[in-house]
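Asks: Input: one structure, supplied below.
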Amino acid sequence: MRIIFMGTPAYAAEVLDALARKEDVTVSAVVTRPDKPKGRGMKLVPCPVKELALSLGIPVYQPKTLRDGAFQAVLDEYEPELIVVAAYGNILPSYVLDYPKYGCVNAHGSLLPKYRGASPIQRAIMDGESVTGITAMMMDEGIDTGDILGTYPCAIEEDDDCGTLTGKLAKIAAAAMCGVIDMIREGTLTPTPQPEEGACYAAKIGREDAALDFDAPARSVFNRIRALNPSPCAVVKLPNGDPLKITASKAASAEECEKALGQFPGTVVLAEGRGEGRIVVACREGAVALTGVIPAGRKPMSAGDFVRGRKIAAGDILTVMKEE
RNA sequence: CGCGGGGUAGAGCAGUCUGGUAGCUCGUCGGGCUCAUAACCCGGAGGUCAUGUGGUUCAAAUCCCUUCCCCGCAA
């Protein structure tokens with residue numbers, strides 16, 4: 001089967017890798033977003049999907065948009081029977097959706113119709129969900145509204161963050177897409193319309209989502225931190241005004257929550273500098289123990305390292321990083 | 001030439017403005033205390049202060065210049 005693959009981040013690269021290995025499938029072309037200036041010096045950095053495609057010797061196309069019809073030429077050249085999409089980032093217009101004999105299928109990172117949209121994994125963690133998954137679906141012109149081909153649940157463990165969960169889901173997505181292709185060949189594919197009930201949208205993560213506010217229940221602070229790790233990371237403002245990214249946290253002990261009672265949310269009640277260290281911060285309800293941070297201009301480090309460097313002490317108050 | 005931060009002991013930092021004995025919190029090693037300990041006490045090892053047989057100076061981690069590397073923001 002001739003397919004064109006569309007995707008961008010590491011999650012999508014995992015799917016591409018599985019398709020490339022699959023027998024009876026030929027990934028004849030890969031479509032990904034244009035390289036963007038990244039990092040210092042505006043260096044152009046290729047996305048994971050592009051890197052993988054190049055190493056596999058698959059032609060890569062990086063149209064800025066598909067809407068202008070220029071992509072028709074690529075379709076005509078490769079005549080795909082199926083288009084597989086995973087976290088591509090561009091909207092597919094109808095002329096693309098209608099071209100392949102078997103249509104366009106997508107591996108979405110949630111159990112649809114819940115969390116349609118750009119950031120389903122982050123939103124699920126942020127909301128404290130205990131289960132999410134992959135939905136294999138036919139694409140239509142709506143945002144993640146097409147018929148469901150299969151659902152593959154995945155538990156969100158207590159110690160999962162966006163990074164680990166995305167890794168798990170990527171593997172599931174890869175298997176799901178291979179499964180869909182098998183079903184297409186066997187003719188056992190059964191598209192089922194999505195129920196409207198339970199539908200919700202997972203808006204793209206923005207700057208305002210990254211600003212961490214301790215004036216919230218500890219559980220919610222914990223969920224936000226892990227939803228945002230490893231990127232862009234929850235961020236707070238230190239007493240000196242510098243931003244501090246937070247990569248990991250754990251629940252504080254009952255005793256520590258006791259100490260935090262009555263403290264202004266954001267107050268550091270304990271700065272433990274031994275071993276990995278813990279920075280216990282009072283929340284509106286309870287407290288969280290920060291365990292990993294990234295100071296401005298520094299590398300990621302444990303809370304213990306940060307405390308040992310004397311950058312924080314009990315009594316300091318962490319405030320909300322306000323919009324510029 | 002997009003903006004900014006940084007490179008000092010195994011880790012995280014201070015010291016640099018106002019040149020003059022290499023410091024702190026940990027870790028590590030040895031000893032002690034203890035029923036015991038990741039707790040406490042005592043002691044030790046470990047650093048060409050990123051780079052340049054650079055410049056200035058009686059004297060440079062510190063001031064000036066070179067090169068390399070790392071990171072954040074912005075996109």
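Here's how to read the names in the structure tokens: chain A, B, ... by the order shown, residue numbers from 1 in each chain, ligand numbers from 1 in the order shown.
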Near B:C65, within 12 Å and counting only C-alpha atoms (C1' of nucleotides), which residues show up once chain neighbours fewer than 5 positions away are dropped, as an NGL selection string?
Replies: :B and (52 or 54-56)
Asks: What residues in chain A have any atom no more than 7 Å from chain B when counting only C-alpha atoms (C1' of nucleotides), and can you write them as a ChimeraX atom specification?
Replies: /A:37-38,274,296-299,305-306,308-310
Asks: Considering only C-alpha atoms (C1' of nucleotides), return as a PyMOL selection string whatever protein or nucleic-acid residues lie within 12 Å of B:A22, sequence-local ones (same chain, fewer than 4 positions apart) excluded.
Replies: chain B and resi 8-9+14-15+47+49+61
Asks: Can you check which residues of stretch 57-244 of chain A DSSP gives as helix (DSSP H, G or I) on the backbone and send them as an NGL selection string?
Replies: :A and (72-78 or 94-97 or 120-126 or 162-186 or 207-210 or 218-228)
Asks: Using DSSP on the backbone coordinates, identify all residues within stretch 165-260 of chain A classified as strand (DSSP E); present the result as number ranges by chain.
Replies: A: 234-237, 243-251
Asks: Mind checking which residues fall within 9 Å of stretch 69-75 of chain A, counting only C-alpha atoms (C1' of nucleotides), ignoring those fewer than 4 positions away in the same chain, and posting them as a list in words?
Replies: Ile4, Ala29, Tyr61, Pro63, Thr65, Glu79, Pro80, Pro93, Tyr95, Val96, Tyr99 and Pro100 of chain A
Asks: Could you tell me how far atom CA of A:Ala124 lies from atom CA of A:Leu16, in Å and to one decimal?
Replies: 24.3 Å
